[in-house]
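Next comes data_24.txt, with compact mmCIF, N, CA and C atoms.
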# COMPACT_ATOMS: atom_id res chain seq x y z
N MET K 3 -1.86 4.35 -1.05
CA MET K 3 -2.12 3.27 -0.12
C MET K 3 -3.19 2.33 -0.66
N ALA K 4 -4.17 2.89 -1.34
CA ALA K 4 -5.22 2.03 -1.91
C ALA K 4 -4.63 1.08 -2.94
N SER K 5 -3.63 1.54 -3.68
CA SER K 5 -3.00 0.67 -4.68
C SER K 5 -2.36 -0.54 -4.02
N ALA K 6 -1.78 -0.35 -2.84
CA ALA K 6 -1.17 -1.47 -2.13
C ALA K 6 -2.21 -2.46 -1.64
N ILE K 7 -3.39 -1.97 -1.33
CA ILE K 7 -4.45 -2.84 -0.81
C ILE K 7 -5.07 -3.70 -1.91
N ILE K 8 -5.24 -3.17 -3.10
CA ILE K 8 -6.06 -3.84 -4.11
C ILE K 8 -5.34 -4.88 -4.96
N LYS K 9 -4.01 -4.97 -4.85
CA LYS K 9 -3.34 -5.89 -5.75
C LYS K 9 -2.15 -6.58 -5.12
N GLU K 10 -1.78 -7.66 -5.72
CA GLU K 10 -0.56 -8.39 -5.39
C GLU K 10 0.51 -7.75 -6.27
N VAL K 11 1.41 -7.02 -5.65
CA VAL K 11 2.28 -6.14 -6.44
C VAL K 11 3.43 -6.85 -7.14
N LYS K 12 3.78 -8.04 -6.72
CA LYS K 12 4.88 -8.73 -7.39
C LYS K 12 4.59 -8.87 -8.88
N TYR K 13 3.37 -9.25 -9.20
CA TYR K 13 2.98 -9.42 -10.60
C TYR K 13 2.01 -8.33 -11.06
N ASP K 14 1.77 -7.34 -10.19
CA ASP K 14 0.87 -6.23 -10.49
C ASP K 14 -0.52 -6.74 -10.85
N GLU K 15 -0.97 -7.78 -10.14
CA GLU K 15 -2.27 -8.39 -10.41
C GLU K 15 -3.30 -7.93 -9.38
N HIS K 16 -4.46 -7.55 -9.85
CA HIS K 16 -5.55 -7.09 -8.98
C HIS K 16 -6.32 -8.28 -8.42
N PHE K 17 -6.62 -8.21 -7.14
CA PHE K 17 -7.49 -9.22 -6.54
C PHE K 17 -8.66 -8.58 -5.81
N MET K 18 -8.79 -7.26 -5.95
CA MET K 18 -9.87 -6.53 -5.30
C MET K 18 -10.18 -5.31 -6.16
N SER K 19 -11.41 -4.86 -6.13
CA SER K 19 -11.78 -3.66 -6.89
C SER K 19 -11.20 -2.41 -6.23
N TRP K 20 -11.04 -1.38 -7.04
CA TRP K 20 -10.56 -0.09 -6.54
C TRP K 20 -11.52 0.43 -5.46
N GLU K 21 -12.82 0.30 -5.69
CA GLU K 21 -13.83 0.80 -4.76
C GLU K 21 -13.72 0.09 -3.40
N LYS K 22 -13.54 -1.23 -3.43
CA LYS K 22 -13.42 -1.99 -2.18
C LYS K 22 -12.13 -1.61 -1.44
N GLY K 23 -11.03 -1.45 -2.17
CA GLY K 23 -9.78 -1.04 -1.55
C GLY K 23 -9.88 0.33 -0.90
N LYS K 24 -10.55 1.27 -1.56
CA LYS K 24 -10.74 2.60 -0.99
C LYS K 24 -11.62 2.53 0.25
N GLU K 25 -12.59 1.63 0.24
CA GLU K 25 -13.46 1.44 1.40
C GLU K 25 -12.65 0.95 2.61
N TYR K 26 -11.81 -0.05 2.40
CA TYR K 26 -10.95 -0.55 3.49
C TYR K 26 -9.99 0.53 3.98
N LEU K 27 -9.42 1.28 3.05
CA LEU K 27 -8.49 2.35 3.44
C LEU K 27 -9.20 3.42 4.26
N LYS K 28 -10.41 3.78 3.87
CA LYS K 28 -11.17 4.78 4.61
C LYS K 28 -11.44 4.32 6.04
N VAL K 29 -11.82 3.05 6.20
CA VAL K 29 -12.06 2.51 7.54
C VAL K 29 -10.78 2.61 8.38
N PHE K 30 -9.66 2.26 7.79
CA PHE K 30 -8.37 2.31 8.49
C PHE K 30 -8.02 3.75 8.87
N LEU K 31 -8.07 4.66 7.91
CA LEU K 31 -7.65 6.04 8.16
C LEU K 31 -8.61 6.80 9.07
N ASN K 32 -9.87 6.39 9.13
CA ASN K 32 -10.83 7.05 10.02
C ASN K 32 -10.46 6.86 11.49
N ASN K 33 -9.59 5.92 11.79
CA ASN K 33 -9.13 5.71 13.16
C ASN K 33 -7.90 6.55 13.50
N LEU K 34 -7.44 7.33 12.54
CA LEU K 34 -6.22 8.12 12.74
C LEU K 34 -6.50 9.59 12.44
N GLU K 35 -6.78 10.37 13.47
CA GLU K 35 -7.08 11.79 13.30
C GLU K 35 -5.79 12.62 13.33
N ASN K 36 -5.80 13.70 12.59
CA ASN K 36 -4.69 14.67 12.57
C ASN K 36 -3.36 14.01 12.19
N ILE K 37 -3.33 13.35 11.05
CA ILE K 37 -2.12 12.68 10.58
C ILE K 37 -1.01 13.71 10.40
N GLU K 38 0.14 13.43 11.02
CA GLU K 38 1.29 14.33 10.95
C GLU K 38 2.32 13.88 9.92
N GLU K 39 2.56 12.58 9.87
CA GLU K 39 3.59 12.04 8.98
C GLU K 39 3.14 10.68 8.45
N ILE K 40 3.57 10.37 7.23
CA ILE K 40 3.38 9.04 6.66
C ILE K 40 4.74 8.59 6.15
N TYR K 41 5.20 7.45 6.64
CA TYR K 41 6.49 6.89 6.24
C TYR K 41 6.26 5.63 5.41
N THR K 42 7.14 5.37 4.49
CA THR K 42 7.06 4.14 3.70
C THR K 42 8.46 3.68 3.34
N ASN K 43 8.60 2.41 3.07
CA ASN K 43 9.87 1.86 2.60
C ASN K 43 9.79 1.56 1.11
N SER K 44 8.80 2.15 0.43
CA SER K 44 8.57 1.81 -0.97
C SER K 44 8.42 3.06 -1.83
N PHE K 45 8.57 2.86 -3.13
CA PHE K 45 8.41 3.93 -4.11
C PHE K 45 7.34 3.51 -5.09
N TRP K 46 6.34 4.36 -5.26
CA TRP K 46 5.19 4.07 -6.12
C TRP K 46 5.16 5.06 -7.27
N GLU K 47 4.75 4.59 -8.44
CA GLU K 47 4.72 5.43 -9.63
C GLU K 47 3.44 5.15 -10.42
N LYS K 48 2.90 6.22 -11.03
CA LYS K 48 1.71 6.01 -11.89
C LYS K 48 2.06 5.06 -13.00
N ASN K 49 1.20 4.10 -13.24
CA ASN K 49 1.39 3.12 -14.30
C ASN K 49 0.10 3.05 -15.08
N LYS K 50 0.16 3.30 -16.35
CA LYS K 50 -1.05 3.37 -17.17
C LYS K 50 -1.48 2.01 -17.72
N ILE K 51 -0.74 0.96 -17.46
CA ILE K 51 -1.06 -0.36 -17.99
C ILE K 51 -1.86 -1.15 -16.95
N ASP K 52 -3.02 -1.65 -17.35
CA ASP K 52 -3.85 -2.54 -16.53
C ASP K 52 -4.28 -1.96 -15.18
N ASN K 53 -4.39 -0.68 -15.07
CA ASN K 53 -4.86 -0.10 -13.82
C ASN K 53 -6.38 -0.08 -13.78
N THR K 54 -6.93 -0.23 -12.60
CA THR K 54 -8.38 -0.21 -12.45
C THR K 54 -8.90 1.20 -12.23
N ASN K 55 -8.01 2.15 -11.97
CA ASN K 55 -8.41 3.52 -11.70
C ASN K 55 -7.29 4.46 -12.11
N ILE K 56 -7.64 5.65 -12.56
CA ILE K 56 -6.60 6.59 -13.02
C ILE K 56 -5.69 7.06 -11.88
N ASP K 57 -6.13 6.90 -10.63
CA ASP K 57 -5.32 7.30 -9.48
C ASP K 57 -4.41 6.18 -8.98
N GLU K 58 -4.47 5.03 -9.62
CA GLU K 58 -3.70 3.87 -9.15
C GLU K 58 -2.21 4.01 -9.43
N PHE K 59 -1.41 3.49 -8.50
CA PHE K 59 0.05 3.47 -8.64
C PHE K 59 0.54 2.03 -8.66
N SER K 60 1.74 1.84 -9.18
CA SER K 60 2.39 0.53 -9.14
C SER K 60 3.66 0.63 -8.32
N LEU K 61 3.95 -0.44 -7.58
CA LEU K 61 5.16 -0.49 -6.78
C LEU K 61 6.36 -0.61 -7.71
N ILE K 62 7.30 0.30 -7.60
CA ILE K 62 8.49 0.32 -8.46
C ILE K 62 9.72 -0.16 -7.69
N ALA K 63 9.82 0.21 -6.42
CA ALA K 63 11.00 -0.16 -5.62
C ALA K 63 10.63 -0.17 -4.14
N TRP K 64 11.38 -0.92 -3.36
CA TRP K 64 11.17 -0.99 -1.93
C TRP K 64 12.45 -1.47 -1.26
N THR K 65 12.52 -1.24 0.02
CA THR K 65 13.61 -1.76 0.85
C THR K 65 12.96 -2.60 1.93
N GLY K 66 13.09 -3.91 1.82
CA GLY K 66 12.46 -4.81 2.78
C GLY K 66 13.09 -4.70 4.16
N ILE K 67 12.28 -4.96 5.18
CA ILE K 67 12.80 -4.93 6.54
C ILE K 67 12.70 -6.29 7.23
N SER K 68 12.06 -7.25 6.57
CA SER K 68 11.86 -8.57 7.15
C SER K 68 12.71 -9.60 6.42
N HIS K 69 13.19 -10.57 7.17
CA HIS K 69 13.92 -11.68 6.56
C HIS K 69 12.96 -12.80 6.14
N ASN K 70 11.68 -12.68 6.52
CA ASN K 70 10.70 -13.72 6.24
C ASN K 70 9.97 -13.54 4.92
N TYR K 71 10.03 -12.35 4.35
CA TYR K 71 9.30 -12.06 3.11
C TYR K 71 10.23 -11.52 2.05
N TRP K 72 9.99 -11.91 0.82
CA TRP K 72 10.76 -11.38 -0.30
C TRP K 72 10.30 -9.95 -0.60
N TYR K 73 8.98 -9.76 -0.66
CA TYR K 73 8.39 -8.44 -0.84
C TYR K 73 7.80 -8.01 0.50
N ASP K 74 8.25 -6.91 1.02
CA ASP K 74 7.90 -6.47 2.35
C ASP K 74 7.82 -4.94 2.30
N TYR K 75 6.61 -4.41 2.26
CA TYR K 75 6.46 -2.97 2.09
C TYR K 75 5.22 -2.50 2.82
N GLY K 76 5.15 -1.21 3.09
CA GLY K 76 3.97 -0.69 3.74
C GLY K 76 4.11 0.76 4.15
N PHE K 77 3.22 1.14 5.06
CA PHE K 77 3.11 2.53 5.48
C PHE K 77 2.99 2.60 7.00
N VAL K 78 3.66 3.57 7.59
CA VAL K 78 3.53 3.87 9.01
C VAL K 78 2.96 5.29 9.08
N ILE K 79 1.81 5.42 9.72
CA ILE K 79 1.12 6.70 9.79
C ILE K 79 1.16 7.18 11.23
N VAL K 80 1.63 8.42 11.43
CA VAL K 80 1.83 8.96 12.77
C VAL K 80 0.87 10.12 13.02
N THR K 81 0.18 10.05 14.14
CA THR K 81 -0.68 11.15 14.60
C THR K 81 -0.13 11.60 15.96
N PRO K 82 -0.69 12.66 16.54
CA PRO K 82 -0.22 13.08 17.88
C PRO K 82 -0.42 12.01 18.96
N THR K 83 -1.39 11.10 18.77
CA THR K 83 -1.69 10.13 19.83
C THR K 83 -1.62 8.67 19.40
N LYS K 84 -1.48 8.41 18.08
CA LYS K 84 -1.51 7.03 17.60
C LYS K 84 -0.47 6.82 16.50
N ILE K 85 -0.16 5.55 16.30
CA ILE K 85 0.64 5.13 15.16
C ILE K 85 -0.13 4.01 14.47
N GLY K 86 -0.38 4.19 13.18
CA GLY K 86 -1.07 3.16 12.40
C GLY K 86 -0.09 2.50 11.45
N VAL K 87 -0.20 1.20 11.27
CA VAL K 87 0.70 0.46 10.38
C VAL K 87 -0.15 -0.32 9.39
N LEU K 88 0.15 -0.11 8.11
CA LEU K 88 -0.50 -0.83 7.03
C LEU K 88 0.63 -1.52 6.28
N TRP K 89 0.78 -2.83 6.49
CA TRP K 89 1.97 -3.52 6.01
C TRP K 89 1.60 -4.77 5.20
N PHE K 90 2.42 -5.07 4.20
CA PHE K 90 2.18 -6.19 3.31
C PHE K 90 3.45 -7.00 3.15
N GLY K 91 3.32 -8.31 3.02
CA GLY K 91 4.46 -9.18 2.79
C GLY K 91 4.09 -10.31 1.86
N ASP K 92 5.03 -10.68 0.99
CA ASP K 92 4.82 -11.77 0.05
C ASP K 92 6.09 -12.60 0.06
N ASP K 93 5.98 -13.87 0.39
CA ASP K 93 7.17 -14.71 0.52
C ASP K 93 7.56 -15.41 -0.76
N SER K 94 6.90 -15.10 -1.88
CA SER K 94 7.25 -15.79 -3.14
C SER K 94 8.36 -15.06 -3.87

Please go through the file and, once you have read it, give me the structure as structure tokens.
Amino acid sequence: MASAIIKEVKYDEHFMSWEKGKEYLKVFLNNLENIEEIYTNSFWEKNKIDNTNIDEFSLIAWTGISHNYWYDYGFVIVTPTKIGVLWFGDDS
């Protein structure tokens, strides 16, 4: 999830540091206790080229759900009492 936050995945370009992305992700996930399931419409793979961190992944494939964006991917996180959505779209 941090990999999705820190870069524009169409061109695999970073616009945020790994540390800042992890900070934002932590703030988001701290609102979701007892995570039961995480769903995604995308496939991520370790990529050793131009990564800012050894734990970073690159978007390899996705199935868009929006007609408004060319790249449309994200995560749905389910807990017993909440649903969190972390979603990204790029219309280029």

inquiry  = Give me, as a PyMOL selection string, all polymer residues having an atom no more than 12 Å from K:Ile85, counting only C-alpha atoms and skipping those fewer than 3 positions away in the same chain.
reply    = chain K and resi 30-31+33-41+77-82+88

ask   = Smallest atom-to-atom distance to K:Asn70: which of K:Gly91, K:Ser44, K:Ile8, K:Tyr26, using only N, CA and C atoms?
value = K:Gly91

message = From a backbone DSSP assignment, name each residue in chain K labelled helix (DSSP H, G or I), as a PyMOL selection string.
response = chain K and resi 4-8+20-31

Can I get the selected residues back with N, CA and C atoms, as a CSV table (one decimal), keeping the file's coordinate frame?
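Wrote it out as out_19.csv, contents follow:
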chain,number,residue,atom,x,y,z
K,4,ALA,N,-4.2,2.9,-1.3
K,4,ALA,CA,-5.2,2.0,-1.9
K,4,ALA,C,-4.6,1.1,-2.9
K,5,SER,N,-3.6,1.5,-3.7
K,5,SER,CA,-3.0,0.7,-4.7
K,5,SER,C,-2.4,-0.5,-4.0
K,6,ALA,N,-1.8,-0.4,-2.8
K,6,ALA,CA,-1.2,-1.5,-2.1
K,6,ALA,C,-2.2,-2.5,-1.6
K,7,ILE,N,-3.4,-2.0,-1.3
K,7,ILE,CA,-4.4,-2.8,-0.8
K,7,ILE,C,-5.1,-3.7,-1.9
K,8,ILE,N,-5.2,-3.2,-3.1
K,8,ILE,CA,-6.1,-3.8,-4.1
K,8,ILE,C,-5.3,-4.9,-5.0
K,20,TRP,N,-11.0,-1.4,-7.0
K,20,TRP,CA,-10.6,-0.1,-6.5
K,20,TRP,C,-11.5,0.4,-5.5
K,21,GLU,N,-12.8,0.3,-5.7
K,21,GLU,CA,-13.8,0.8,-4.8
K,21,GLU,C,-13.7,0.1,-3.4
K,22,LYS,N,-13.5,-1.2,-3.4
K,22,LYS,CA,-13.4,-2.0,-2.2
K,22,LYS,C,-12.1,-1.6,-1.4
K,23,GLY,N,-11.0,-1.4,-2.2
K,23,GLY,CA,-9.8,-1.0,-1.6
K,23,GLY,C,-9.9,0.3,-0.9
K,24,LYS,N,-10.6,1.3,-1.6
K,24,LYS,CA,-10.7,2.6,-1.0
K,24,LYS,C,-11.6,2.5,0.2
K,25,GLU,N,-12.6,1.6,0.2
K,25,GLU,CA,-13.5,1.4,1.4
K,25,GLU,C,-12.6,1.0,2.6
K,26,TYR,N,-11.8,0.0,2.4
K,26,TYR,CA,-11.0,-0.6,3.5
K,26,TYR,C,-10.0,0.5,4.0
K,27,LEU,N,-9.4,1.3,3.0
K,27,LEU,CA,-8.5,2.4,3.4
K,27,LEU,C,-9.2,3.4,4.3
K,28,LYS,N,-10.4,3.8,3.9
K,28,LYS,CA,-11.2,4.8,4.6
K,28,LYS,C,-11.4,4.3,6.0
K,29,VAL,N,-11.8,3.0,6.2
K,29,VAL,CA,-12.1,2.5,7.5
K,29,VAL,C,-10.8,2.6,8.4
K,30,PHE,N,-9.7,2.3,7.8
K,30,PHE,CA,-8.4,2.3,8.5
K,30,PHE,C,-8.0,3.8,8.9
K,31,LEU,N,-8.1,4.7,7.9
K,31,LEU,CA,-7.6,6.0,8.2
K,31,LEU,C,-8.6,6.8,9.1

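Proximity to K:Leu61 was assessed for K:Phe17, K:Tyr75, K:Phe45, K:Trp89 counting only C-alpha atoms; the smallest distance is recorded for K:Phe45.
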
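Atom CA of K:Trp72 lies 9.6 Å from atom CA of K:Lys12.
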
note = If you count only C-alpha atoms, the residue of K:Trp64, K:Glu10, K:Asn49, K:Ala4 closest to K:Val29 turns out to be K:Ala4

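Distance-wise, atom C of K:Gly23 and atom CA of K:Gly76 end up 14.6 Å apart.
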
With all atoms listed in the file as the counted atoms, please give the residues lying no more than 8 Å from K:His16, apart from itself and same-chain residues fewer than 5 positions off, as a PDB file with N, CA and C atoms, in the coordinates of the input.
ATOM      1  N   ILE K   7      -3.390  -1.970  -1.330  1.00  0.00           N
ATOM      2  CA  ILE K   7      -4.450  -2.840  -0.810  1.00  0.00           C
ATOM      3  C   ILE K   7      -5.070  -3.700  -1.910  1.00  0.00           C
ATOM      4  N   ILE K   8      -5.240  -3.170  -3.100  1.00  0.00           N
ATOM      5  CA  ILE K   8      -6.060  -3.840  -4.110  1.00  0.00           C
ATOM      6  C   ILE K   8      -5.340  -4.880  -4.960  1.00  0.00           C
ATOM      7  N   LYS K   9      -4.010  -4.970  -4.850  1.00  0.00           N
ATOM      8  CA  LYS K   9      -3.340  -5.890  -5.750  1.00  0.00           C
ATOM      9  C   LYS K   9      -2.150  -6.580  -5.120  1.00  0.00           C
ATOM     10  N   GLU K  10      -1.780  -7.660  -5.720  1.00  0.00           N
ATOM     11  CA  GLU K  10      -0.560  -8.390  -5.390  1.00  0.00           C
ATOM     12  C   GLU K  10       0.510  -7.750  -6.270  1.00  0.00           C
ATOM     13  N   VAL K  11       1.410  -7.020  -5.650  1.00  0.00           N
ATOM     14  CA  VAL K  11       2.280  -6.140  -6.440  1.00  0.00           C
ATOM     15  C   VAL K  11       3.430  -6.850  -7.140  1.00  0.00           C
ATOM     16  N   ASP K  52      -3.020  -1.650 -17.350  1.00  0.00           N
ATOM     17  CA  ASP K  52      -3.850  -2.540 -16.530  1.00  0.00           C
ATOM     18  C   ASP K  52      -4.280  -1.960 -15.180  1.00  0.00           C
ATOM     19  N   THR K  54      -6.930  -0.230 -12.600  1.00  0.00           N
ATOM     20  CA  THR K  54      -8.380  -0.210 -12.450  1.00  0.00           C
ATOM     21  C   THR K  54      -8.900   1.200 -12.230  1.00  0.00           C
TER      22      THR K  54
END

Complete the atoms of stretch 55-79 of chain K to N, CA, C and O atoms and put them out as a PDB file, in the frame of the given file.
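Done, and the output landed in part.pdb:
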ATOM      1  N   ASN K  55      -8.010   2.150 -11.970  1.00  0.00           N
ATOM      2  CA  ASN K  55      -8.410   3.520 -11.700  1.00  0.00           C
ATOM      3  C   ASN K  55      -7.290   4.460 -12.110  1.00  0.00           C
ATOM      4  O   ASN K  55      -6.110   4.113 -11.970  1.00  0.00           O
ATOM      5  N   ILE K  56      -7.640   5.650 -12.560  1.00  0.00           N
ATOM      6  CA  ILE K  56      -6.600   6.590 -13.020  1.00  0.00           C
ATOM      7  C   ILE K  56      -5.690   7.060 -11.880  1.00  0.00           C
ATOM      8  O   ILE K  56      -4.596   7.533 -12.121  1.00  0.00           O
ATOM      9  N   ASP K  57      -6.130   6.900 -10.630  1.00  0.00           N
ATOM     10  CA  ASP K  57      -5.320   7.300  -9.480  1.00  0.00           C
ATOM     11  C   ASP K  57      -4.410   6.180  -8.980  1.00  0.00           C
ATOM     12  O   ASP K  57      -3.675   6.355  -8.019  1.00  0.00           O
ATOM     13  N   GLU K  58      -4.470   5.030  -9.620  1.00  0.00           N
ATOM     14  CA  GLU K  58      -3.700   3.870  -9.150  1.00  0.00           C
ATOM     15  C   GLU K  58      -2.210   4.010  -9.430  1.00  0.00           C
ATOM     16  O   GLU K  58      -1.798   4.559 -10.436  1.00  0.00           O
ATOM     17  N   PHE K  59      -1.410   3.490  -8.500  1.00  0.00           N
ATOM     18  CA  PHE K  59       0.050   3.470  -8.640  1.00  0.00           C
ATOM     19  C   PHE K  59       0.540   2.030  -8.660  1.00  0.00           C
ATOM     20  O   PHE K  59      -0.142   1.128  -8.193  1.00  0.00           O
ATOM     21  N   SER K  60       1.740   1.840  -9.180  1.00  0.00           N
ATOM     22  CA  SER K  60       2.390   0.530  -9.140  1.00  0.00           C
ATOM     23  C   SER K  60       3.660   0.630  -8.320  1.00  0.00           C
ATOM     24  O   SER K  60       4.366   1.645  -8.360  1.00  0.00           O
ATOM     25  N   LEU K  61       3.950  -0.440  -7.580  1.00  0.00           N
ATOM     26  CA  LEU K  61       5.160  -0.490  -6.780  1.00  0.00           C
ATOM     27  C   LEU K  61       6.360  -0.610  -7.710  1.00  0.00           C
ATOM     28  O   LEU K  61       6.430  -1.516  -8.534  1.00  0.00           O
ATOM     29  N   ILE K  62       7.300   0.300  -7.600  1.00  0.00           N
ATOM     30  CA  ILE K  62       8.490   0.320  -8.460  1.00  0.00           C
ATOM     31  C   ILE K  62       9.720  -0.160  -7.690  1.00  0.00           C
ATOM     32  O   ILE K  62      10.559  -0.877  -8.220  1.00  0.00           O
ATOM     33  N   ALA K  63       9.820   0.210  -6.420  1.00  0.00           N
ATOM     34  CA  ALA K  63      11.000  -0.160  -5.620  1.00  0.00           C
ATOM     35  C   ALA K  63      10.630  -0.170  -4.140  1.00  0.00           C
ATOM     36  O   ALA K  63       9.691   0.494  -3.730  1.00  0.00           O
ATOM     37  N   TRP K  64      11.380  -0.920  -3.360  1.00  0.00           N
ATOM     38  CA  TRP K  64      11.170  -0.990  -1.930  1.00  0.00           C
ATOM     39  C   TRP K  64      12.450  -1.470  -1.260  1.00  0.00           C
ATOM     40  O   TRP K  64      13.324  -2.054  -1.893  1.00  0.00           O
ATOM     41  N   THR K  65      12.520  -1.240   0.020  1.00  0.00           N
ATOM     42  CA  THR K  65      13.610  -1.760   0.850  1.00  0.00           C
ATOM     43  C   THR K  65      12.960  -2.600   1.930  1.00  0.00           C
ATOM     44  O   THR K  65      12.313  -2.063   2.831  1.00  0.00           O
ATOM     45  N   GLY K  66      13.090  -3.910   1.820  1.00  0.00           N
ATOM     46  CA  GLY K  66      12.460  -4.810   2.780  1.00  0.00           C
ATOM     47  C   GLY K  66      13.090  -4.700   4.160  1.00  0.00           C
ATOM     48  O   GLY K  66      14.262  -4.370   4.301  1.00  0.00           O
ATOM     49  N   ILE K  67      12.280  -4.960   5.180  1.00  0.00           N
ATOM     50  CA  ILE K  67      12.800  -4.930   6.540  1.00  0.00           C
ATOM     51  C   ILE K  67      12.700  -6.290   7.230  1.00  0.00           C
ATOM     52  O   ILE K  67      13.191  -6.465   8.318  1.00  0.00           O
ATOM     53  N   SER K  68      12.060  -7.250   6.570  1.00  0.00           N
ATOM     54  CA  SER K  68      11.860  -8.570   7.150  1.00  0.00           C
ATOM     55  C   SER K  68      12.710  -9.600   6.420  1.00  0.00           C
ATOM     56  O   SER K  68      12.868  -9.543   5.205  1.00  0.00           O
ATOM     57  N   HIS K  69      13.190 -10.570   7.170  1.00  0.00           N
ATOM     58  CA  HIS K  69      13.920 -11.680   6.560  1.00  0.00           C
ATOM     59  C   HIS K  69      12.960 -12.800   6.140  1.00  0.00           C
ATOM     60  O   HIS K  69      13.361 -13.753   5.500  1.00  0.00           O
ATOM     61  N   ASN K  70      11.680 -12.680   6.520  1.00  0.00           N
ATOM     62  CA  ASN K  70      10.700 -13.720   6.240  1.00  0.00           C
ATOM     63  C   ASN K  70       9.970 -13.540   4.920  1.00  0.00           C
ATOM     64  O   ASN K  70       9.334 -14.455   4.442  1.00  0.00           O
ATOM     65  N   TYR K  71      10.030 -12.350   4.350  1.00  0.00           N
ATOM     66  CA  TYR K  71       9.300 -12.060   3.110  1.00  0.00           C
ATOM     67  C   TYR K  71      10.230 -11.520   2.050  1.00  0.00           C
ATOM     68  O   TYR K  71      11.132 -10.743   2.333  1.00  0.00           O
ATOM     69  N   TRP K  72       9.990 -11.910   0.820  1.00  0.00           N
ATOM     70  CA  TRP K  72      10.760 -11.380  -0.300  1.00  0.00           C
ATOM     71  C   TRP K  72      10.300  -9.950  -0.600  1.00  0.00           C
ATOM     72  O   TRP K  72      11.088  -9.058  -0.796  1.00  0.00           O
ATOM     73  N   TYR K  73       8.980  -9.760  -0.660  1.00  0.00           N
ATOM     74  CA  TYR K  73       8.390  -8.440  -0.840  1.00  0.00           C
ATOM     75  C   TYR K  73       7.800  -8.010   0.500  1.00  0.00           C
ATOM     76  O   TYR K  73       6.936  -8.677   1.039  1.00  0.00           O
ATOM     77  N   ASP K  74       8.250  -6.910   1.020  1.00  0.00           N
ATOM     78  CA  ASP K  74       7.900  -6.470   2.350  1.00  0.00           C
ATOM     79  C   ASP K  74       7.820  -4.940   2.300  1.00  0.00           C
ATOM     80  O   ASP K  74       8.835  -4.272   2.243  1.00  0.00           O
ATOM     81  N   TYR K  75       6.610  -4.410   2.260  1.00  0.00           N
ATOM     82  CA  TYR K  75       6.460  -2.970   2.090  1.00  0.00           C
ATOM     83  C   TYR K  75       5.220  -2.500   2.820  1.00  0.00           C
ATOM     84  O   TYR K  75       4.323  -3.286   3.134  1.00  0.00           O
ATOM     85  N   GLY K  76       5.150  -1.210   3.090  1.00  0.00           N
ATOM     86  CA  GLY K  76       3.970  -0.690   3.740  1.00  0.00           C
ATOM     87  C   GLY K  76       4.110   0.760   4.150  1.00  0.00           C
ATOM     88  O   GLY K  76       4.975   1.481   3.658  1.00  0.00           O
ATOM     89  N   PHE K  77       3.220   1.140   5.060  1.00  0.00           N
ATOM     90  CA  PHE K  77       3.110   2.530   5.480  1.00  0.00           C
ATOM     91  C   PHE K  77       2.990   2.600   7.000  1.00  0.00           C
ATOM     92  O   PHE K  77       2.284   1.803   7.602  1.00  0.00           O
ATOM     93  N   VAL K  78       3.660   3.570   7.590  1.00  0.00           N
ATOM     94  CA  VAL K  78       3.530   3.870   9.010  1.00  0.00           C
ATOM     95  C   VAL K  78       2.960   5.290   9.080  1.00  0.00           C
ATOM     96  O   VAL K  78       3.562   6.225   8.556  1.00  0.00           O
ATOM     97  N   ILE K  79       1.810   5.420   9.720  1.00  0.00           N
ATOM     98  CA  ILE K  79       1.120   6.700   9.790  1.00  0.00           C
ATOM     99  C   ILE K  79       1.160   7.180  11.230  1.00  0.00           C
ATOM    100  O   ILE K  79       0.793   6.455  12.157  1.00  0.00           O
TER     101      ILE K  79
END
